Amino acid sequence: MSDSDALKSLLPPLAQARLQSLRLADGVATVILDAAGFDGIERDGLEAAVKEVLAAAPGVSEVRVAMMADKPRRRIVAVGSGKGGVGKSTVSANLAVALARLGRKVGLVDADIYGPSQPRLLGTEGKRPEAREKQLIPVPSAFGVGVLSMGNLIEPGKAIAWRGPMAGSALGQLVDADWGAAEILVVDLPPGTGDVQLTMLQKHKPAGAVIVSTPQDLALIDATRAMQLFDVGQVPVIGLVENMAGYVCPHCGEVSDPFGRGGAEAEAARLGHAFLGRIPLDLAIRQASDAGIPPAAGDGPQAEAFLALARRVATWLDNS
Ligand code: ADP
C-alpha cells in the first residue's frame with residue numbers, strides 16, 4: 001500500500017466517498033474533496049474531520065484541504081408590487097414555503113426596506129444570522145426555508161433613510177449569502193420601483209418576477225407600472241397574482257367579491273403576461289401569518305391556493 005493509499009483508508013466514510021485526490025509530499029498531505037451541495041457547516045465539519053485523522057497519521061506534518069463545490073444554478077424569483085399593503089410579503093413567504101413543499105430547495109430574501117416582515121411571517125423573529133468569512137448564513141425556519149432580512153442589517157425605524165448605494169450593498173449581502181444548496185431564491189422586494197428594484201435588475205438578474213396586486217383598479221394601475229419596470233429591465237414577468245381576491249366569510253364560508261373580480265386577469269392579458277391565480281381574502285391567512293405559521297405549510301384551501309401558485313412558478317422555471 002502506498003503512503004497515500006494508507007492515508008485514504010484513515011479517512012471517514014463521507015470523505016472517502018467525496019475524495020477527488022490525496023497526495024503526500026514532504027510531509028504535506030493535500031486533500032481535494034467534492035463538496036457540491038454541502039452548506040458551510042457541513043463543509044467545516046468535513047474539513048475538520050479530515051484534518052483531525054490525517055494530522056495524527058505518521059509522516060504527516062501538515063494537512064491542506066480544498067473543497068470543490070459547483071456553484072448550484074441558483075435562480076432568483078423577484079416578488080414585486082406597485083404599492084404596499086397588497087400582500088406581497090405574505091405571497092412571497094407562502095410561495096417560498098409552497099415551493100419547498102414541492103421538493104424545491106428554497107431560500108427567502110426579505111429586501112423590503114420599508115417593512116421587513118419575513119422573520120415574523122416565518123417565525124424566526126429575534127434570531128440573528130451568523131456570519132462566516134464575511135458571508136451571512138441564513139436563519140433556518142421550521143418550514144424548510146432559510147431566511148435573511150434587511151431587518152437583520154438595519155436598526156428598526158431607520159429603514160426609510162436607506163437609499164441608493166447603502167440599500168444596494170445590503171441587498172448584495174443578502175443575495176450573495178451562504179445559501180448552501182438552495183436552487184431558488186424568492187426575493188420580497190419593497191413596493192414600487194425604487195433603488196432596491198433597480199439594483200436587483202442590474203446586479204442580480206432575476207430569472208423572473210411575480211407581481212402581486214389586489215383586484216381594485218387603483219392597485220392594478222400601480223401593478224402595471226411594476227410589471228413595466230421588469231419589462232424594461234428585460235426580466236421576464238412570470239405573471240400576476242391577484243391577492244385578497246374574494247372575501248371568504250369566516251362564519252359561513254361564502255365567497256364574495258368586495259373589490260370586484262377579474263380585473264387582474266384582464267390586466268395581465270392586456271400586457272401579454274400570464275395570470276398566476278387568485279388568493280382569497282381570508283381571515284385565516286392573516287391570523288396564521290401573524291402567528292408566524294405560513295398558511296402554505298398547513299392544509300385546506302389556503303394552502304392549496306399557494307401550492308397552485310408555486311406549481312405554476314416551478315413549471316415556469318423548469319421550462320425557461
Ligand atoms: P405588503 O407586503 O404588500 O405590504 P403584507 O403581506 O404585509 O403586504 O400584507 C398586509 C396585511 O394583509 C397583513 O396583515 C397580512 O396578514 C394581510 N393579508 C395579506 N394577504 C391576505 C389575504 N389573502 N387574506 C387576509 N389577509 C391578508
# chains A, B, ... in the order shown; residues from 1 in each chain; ligands from 1
>>> residues_around(residues="stretch 260-271 of chain A", least_positions_apart="4", cutoff="8 Å", atoms="only C-alpha atoms", output="list in words")
Ser213, Thr214, Pro215, Gln216, Asp217, Leu220, Thr224, Gly239, Leu240, Val241, Glu242, Ala245, Gly246 and Phe275 of chain A
>>> write_last_selection(atoms="C-alpha atoms", output="PDB file, in the first residue's frame")
ATOM      1  CA  SER A 213     -51.877  43.087  -6.823  1.00  0.00           C
ATOM      2  CA  THR A 214     -55.259  43.393  -5.202  1.00  0.00           C
ATOM      3  CA  PRO A 215     -58.233  43.499  -7.554  1.00  0.00           C
ATOM      4  CA  GLN A 216     -59.017  47.239  -7.288  1.00  0.00           C
ATOM      5  CA  ASP A 217     -58.379  49.372 -10.368  1.00  0.00           C
ATOM      6  CA  LEU A 220     -53.770  47.457 -10.754  1.00  0.00           C
ATOM      7  CA  THR A 224     -48.876  47.673 -14.238  1.00  0.00           C
ATOM      8  CA  GLY A 239     -47.110  36.523 -14.104  1.00  0.00           C
ATOM      9  CA  LEU A 240     -49.551  38.448 -11.957  1.00  0.00           C
ATOM     10  CA  VAL A 241     -51.107  37.140  -8.726  1.00  0.00           C
ATOM     11  CA  GLU A 242     -54.399  38.558  -7.536  1.00  0.00           C
ATOM     12  CA  ALA A 245     -59.377  38.254  -4.434  1.00  0.00           C
ATOM     13  CA  GLY A 246     -62.657  37.053  -2.985  1.00  0.00           C
ATOM     14  CA  PHE A 275     -52.239  35.254 -14.720  1.00  0.00           C
TER      15      PHE A 275
END
>>> residues_around(residues="A:Lys88", least_positions_apart="5", cutoff="10 Å", atoms="only C-alpha atoms", output="JSON, numbers by chain")
{"A": [79, 80, 81, 82, 83, 93, 94, 112, 188, 189, 190, 191, 210, 211, 212, 213, 214, 241, 243]}
>>> closest_atom_pairs(of="chain A", to="ligand 1", cutoff="6 Å", atoms="only C-alpha atoms and all ligand atoms", output="CSV")
residue,atom,partner,partner_atom_place_in_ligand_line,distance
A:Gly84,CA,ligand 1,4 (O),4.0
A:Gly85,CA,ligand 1,4 (O),3.4
A:Val86,CA,ligand 1,3 (O),3.9
A:Gly87,CA,ligand 1,6 (O),3.2
A:Lys88,CA,ligand 1,3 (O),3.7
A:Ser89,CA,ligand 1,2 (O),3.6
A:Thr90,CA,ligand 1,6 (O),3.7
A:Asn243,CA,ligand 1,23 (N),5.4
A:Met244,CA,ligand 1,23 (N),4.3
A:Ile279,CA,ligand 1,23 (N),5.4
A:Pro280,CA,ligand 1,23 (N),5.0
A:Leu281,CA,ligand 1,24 (N),3.6
A:Asp282,CA,ligand 1,24 (N),4.0
A:Leu283,CA,ligand 1,25 (C),5.0
A:Ile285,CA,ligand 1,25 (C),4.9
A:Arg286,CA,ligand 1,16 (O),3.7
A:Ser289,CA,ligand 1,16 (O),5.4
>>> closest_atom_pairs(of="stretch 52-84 of chain A", to="stretch 310-315 of chain A", cutoff="12 Å", atoms="only C-alpha atoms", output="Markdown table")
| residue | atom | partner | partner_atom | distance |
| --- | --- | --- | --- | --- |
| A:Arg75 | CA | A:Ala314 | CA | 11.2 |
| A:Ile76 | CA | A:Val313 | CA | 11.5 |
| A:Val77 | CA | A:Val313 | CA | 8.8 |
| A:Ala78 | CA | A:Val313 | CA | 11.4 |
| A:Val79 | CA | A:Val313 | CA | 11.4 |
>>> select_by_dssp(residues="stretch 129-208 of chain A", states="helix (DSSP H, G or I)", output="list in words")
Met150, Gly151, Asn152, Ala159, Ile160, Ala161, Gly164, Pro165, Met166, Ala167, Gly168, Ser169, Ala170, Leu171, Gly172, Gln173, Leu174, Val175, Asp195, Val196, Gln197, Leu198, Thr199, Met200, Leu201, Gln202, Lys203 and His204 of chain A
>>> residues_around(residues="A:Gly172", least_positions_apart="4", cutoff="9 Å", atoms="only C-alpha atoms", output="mmCIF file with C-alpha atoms, in the first residue's frame")
data_model
loop_
_atom_site.group_PDB
_atom_site.id
_atom_site.type_symbol
_atom_site.label_atom_id
_atom_site.label_comp_id
_atom_site.auth_asym_id
_atom_site.auth_seq_id
_atom_site.Cartn_x
_atom_site.Cartn_y
_atom_site.Cartn_z
ATOM 1 C CA ALA A 167 -29.622 49.676 0.118
ATOM 2 C CA GLY A 168 -27.829 48.164 -2.871
ATOM 3 C CA ASP A 176 -24.763 36.552 -2.008
ATOM 4 C CA ALA A 177 -25.075 34.908 1.408
ATOM 5 C CA THR A 199 -30.115 47.125 -8.080
ATOM 6 C CA MET A 200 -31.992 43.842 -8.257
ATOM 7 C CA LYS A 203 -26.794 43.389 -10.464
ATOM 8 C CA HIS A 204 -28.659 40.207 -9.642
#
>>> atom_distance(atom1="atom CA of A:Phe230", atom2="atom CA of A:Ser169")
20.5 Å
>>> atom_distance(atom1="atom CA of A:Asp3", atom2="atom CA of A:Glu52")
17.3 Å
>>> select_by_dssp(residues="stretch 224-295 of chain A", states="strand (DSSP E or B)", output="MDAnalysis selection string")
chainID A and resid 237:248 255:256 275:282
>>> residues_around(residues="A:Leu122", least_positions_apart="2", cutoff="10 Å", atoms="only C-alpha atoms", output="tab-separated table (two decimals) with N, CA and C atoms, in the first residue's frame")
chain	number	residue	atom	x	y	z
A	90	THR	N	-46.71	38.48	2.23
A	90	THR	CA	-47.45	37.25	2.53
A	90	THR	C	-47.32	36.27	1.37
A	93	ALA	N	-43.61	34.83	1.22
A	93	ALA	CA	-43.33	33.81	2.24
A	93	ALA	C	-44.01	32.49	1.88
A	94	ASN	N	-45.26	32.59	1.47
A	94	ASN	CA	-46.02	31.37	1.20
A	94	ASN	C	-45.62	30.71	-0.11
A	97	VAL	N	-42.49	28.78	0.91
A	97	VAL	CA	-42.82	27.58	1.69
A	97	VAL	C	-43.48	26.53	0.78
A	108	LEU	N	-35.28	32.48	1.18
A	108	LEU	CA	-36.16	33.66	1.11
A	108	LEU	C	-35.37	34.90	1.54
A	117	SER	N	-40.72	42.06	6.98
A	117	SER	CA	-41.66	41.29	7.81
A	117	SER	C	-41.46	39.79	7.72
A	118	GLN	N	-40.48	39.34	6.91
A	118	GLN	CA	-40.34	37.88	6.74
A	118	GLN	C	-40.00	37.15	8.04
A	119	PRO	N	-39.11	37.69	8.91
A	119	PRO	CA	-38.85	36.95	10.15
A	119	PRO	C	-40.13	36.69	10.94
A	120	ARG	N	-41.05	37.65	10.91
A	120	ARG	CA	-42.31	37.42	11.63
A	120	ARG	C	-43.15	36.36	10.90
A	124	THR	N	-39.20	33.44	12.65
A	124	THR	CA	-37.77	33.46	13.03
A	124	THR	C	-37.40	34.77	13.73
A	125	GLU	N	-38.40	35.51	14.17
A	125	GLU	CA	-38.15	36.80	14.80
A	125	GLU	C	-37.19	36.67	15.97
A	140	PRO	N	-32.40	29.41	9.65
A	140	PRO	CA	-33.35	28.37	9.25
A	140	PRO	C	-34.73	28.61	9.86
A	141	SER	N	-35.77	28.28	9.13
A	141	SER	CA	-37.13	28.36	9.69
A	141	SER	C	-37.65	26.94	9.88
A	142	ALA	N	-38.81	26.83	10.49
A	142	ALA	CA	-39.38	25.50	10.72
A	142	ALA	C	-40.06	24.95	9.46
A	143	PHE	N	-40.00	25.70	8.35
A	143	PHE	CA	-40.78	25.33	7.17
A	143	PHE	C	-39.90	24.97	5.98
A	145	VAL	N	-37.33	26.53	4.79
A	145	VAL	CA	-36.87	27.68	4.02
A	145	VAL	C	-35.99	28.55	4.92
A	146	GLY	N	-34.75	28.80	4.51
A	146	GLY	CA	-33.89	29.72	5.25
A	146	GLY	C	-34.28	31.15	4.90
A	147	VAL	N	-34.02	32.07	5.82
A	147	VAL	CA	-34.44	33.46	5.56
A	147	VAL	C	-33.37	34.44	5.99
A	289	SER	N	-50.55	34.08	9.45
A	289	SER	CA	-49.36	34.89	9.13
A	289	SER	C	-48.87	35.61	10.37
A	290	ASP	N	-49.79	36.22	11.11
A	290	ASP	CA	-49.40	36.96	12.32
A	290	ASP	C	-48.78	36.03	13.35
A	291	ALA	N	-49.19	34.76	13.34
A	291	ALA	CA	-48.68	33.81	14.33
A	291	ALA	C	-47.36	33.18	13.88
A	292	GLY	N	-46.85	33.58	12.71
A	292	GLY	CA	-45.57	33.03	12.24
A	292	GLY	C	-45.70	31.62	11.69
A	293	ILE	N	-46.91	31.25	11.27
A	293	ILE	CA	-47.12	29.93	10.66
A	293	ILE	C	-47.69	30.16	9.26
A	294	PRO	N	-46.85	30.10	8.24
A	294	PRO	CA	-47.37	30.41	6.89
A	294	PRO	C	-48.49	29.45	6.52
>>> closest_residue(among="A:Ala274, A:Ala305, A:Met166, A:Ala96", to="A:Val186", atoms="only C-alpha atoms")
A:Ala96
>>> closest_residue(among="A:Lys134, A:Arg128, A:Arg23, A:Arg64", to="A:Met150", atoms="only C-alpha atoms")
A:Arg128
>>> closest_residue(among="A:Leu121, A:Cys252, A:Met68, A:Ile184", to="A:Gly37", atoms="only C-alpha atoms")
A:Met68
>>> residues_around(residues="A:Glu47", least_positions_apart="5", cutoff="12 Å", atoms="only C-alpha atoms", output="PyMOL selection string")
chain A and resi 11-12+14-15+18-19+30-35+38+40-42+52-55+63-68
>>> residues_around(residues="A:Ala56", least_positions_apart="3", cutoff="12 Å", atoms="only C-alpha atoms", output="list of chain:residue names")
A:Leu7, A:Leu10, A:Leu11, A:Gly27, A:Ala29, A:Ala49, A:Val50, A:Lys51, A:Glu52, A:Val53, A:Gly59, A:Val60, A:Ser61, A:Glu62, A:Val63
>>> write_last_selection(atoms="N, CA and C atoms", output="mmCIF file, in the first residue's frame")
data_model
loop_
_atom_site.group_PDB
_atom_site.id
_atom_site.type_symbol
_atom_site.label_atom_id
_atom_site.label_comp_id
_atom_site.auth_asym_id
_atom_site.auth_seq_id
_atom_site.Cartn_x
_atom_site.Cartn_y
_atom_site.Cartn_z
ATOM 1 N N LEU A 7 -3.178 6.613 3.868
ATOM 2 C CA LEU A 7 -3.888 7.776 4.426
ATOM 3 C C LEU A 7 -5.369 7.741 4.046
ATOM 4 N N LEU A 10 -7.645 5.932 6.209
ATOM 5 C CA LEU A 10 -7.936 6.520 7.526
ATOM 6 C C LEU A 10 -9.120 7.485 7.491
ATOM 7 N N LEU A 11 -9.477 7.929 6.274
ATOM 8 C CA LEU A 11 -10.492 8.993 6.179
ATOM 9 C C LEU A 11 -11.869 8.485 6.600
ATOM 10 N N GLY A 27 5.818 15.481 3.728
ATOM 11 C CA GLY A 27 5.058 15.594 4.983
ATOM 12 C C GLY A 27 3.765 16.391 4.858
ATOM 13 N N ALA A 29 0.123 16.646 3.435
ATOM 14 C CA ALA A 29 -0.983 15.897 2.812
ATOM 15 C C ALA A 29 -1.950 16.908 2.202
ATOM 16 N N ALA A 49 -12.891 16.994 10.248
ATOM 17 C CA ALA A 49 -12.740 15.541 10.455
ATOM 18 C C ALA A 49 -11.530 15.017 9.678
ATOM 19 N N VAL A 50 -11.358 15.512 8.449
ATOM 20 C CA VAL A 50 -10.224 15.065 7.631
ATOM 21 C C VAL A 50 -8.909 15.507 8.268
ATOM 22 N N LYS A 51 -8.885 16.765 8.712
ATOM 23 C CA LYS A 51 -7.641 17.281 9.310
ATOM 24 C C LYS A 51 -7.276 16.502 10.563
ATOM 25 N N GLU A 52 -8.289 16.177 11.342
ATOM 26 C CA GLU A 52 -8.024 15.503 12.615
ATOM 27 C C GLU A 52 -7.357 14.144 12.378
ATOM 28 N N VAL A 53 -7.936 13.337 11.475
ATOM 29 C CA VAL A 53 -7.363 11.989 11.312
ATOM 30 C C VAL A 53 -6.002 12.042 10.613
ATOM 31 N N GLY A 59 4.140 10.436 9.490
ATOM 32 C CA GLY A 59 4.719 11.024 8.278
ATOM 33 C C GLY A 59 4.010 12.273 7.807
ATOM 34 N N VAL A 60 2.955 12.709 8.527
ATOM 35 C CA VAL A 60 2.211 13.905 8.087
ATOM 36 C C VAL A 60 2.500 15.052 9.056
ATOM 37 N N SER A 61 3.054 16.139 8.518
ATOM 38 C CA SER A 61 3.307 17.287 9.391
ATOM 39 C C SER A 61 2.300 18.410 9.145
ATOM 40 N N GLU A 62 1.662 18.368 7.968
ATOM 41 C CA GLU A 62 0.694 19.428 7.655
ATOM 42 C C GLU A 62 -0.404 18.850 6.772
ATOM 43 N N VAL A 63 -1.642 19.334 6.987
ATOM 44 C CA VAL A 63 -2.763 18.859 6.155
ATOM 45 C C VAL A 63 -3.396 20.053 5.468
#
>>> closest_residue(among="A:Val196, A:Ala17, A:Ala219, A:Ala111", to="A:Phe259", atoms="only C-alpha atoms")
A:Ala219
>>> atom_distance(atom1="atom CA of A:Thr193", atom2="atom CA of A:Asp222")
9.7 Å
>>> closest_residue(among="A:Ala69, A:Ala209, A:Ala98, A:Ala48", to="A:Leu307", atoms="only C-alpha atoms")
A:Ala98
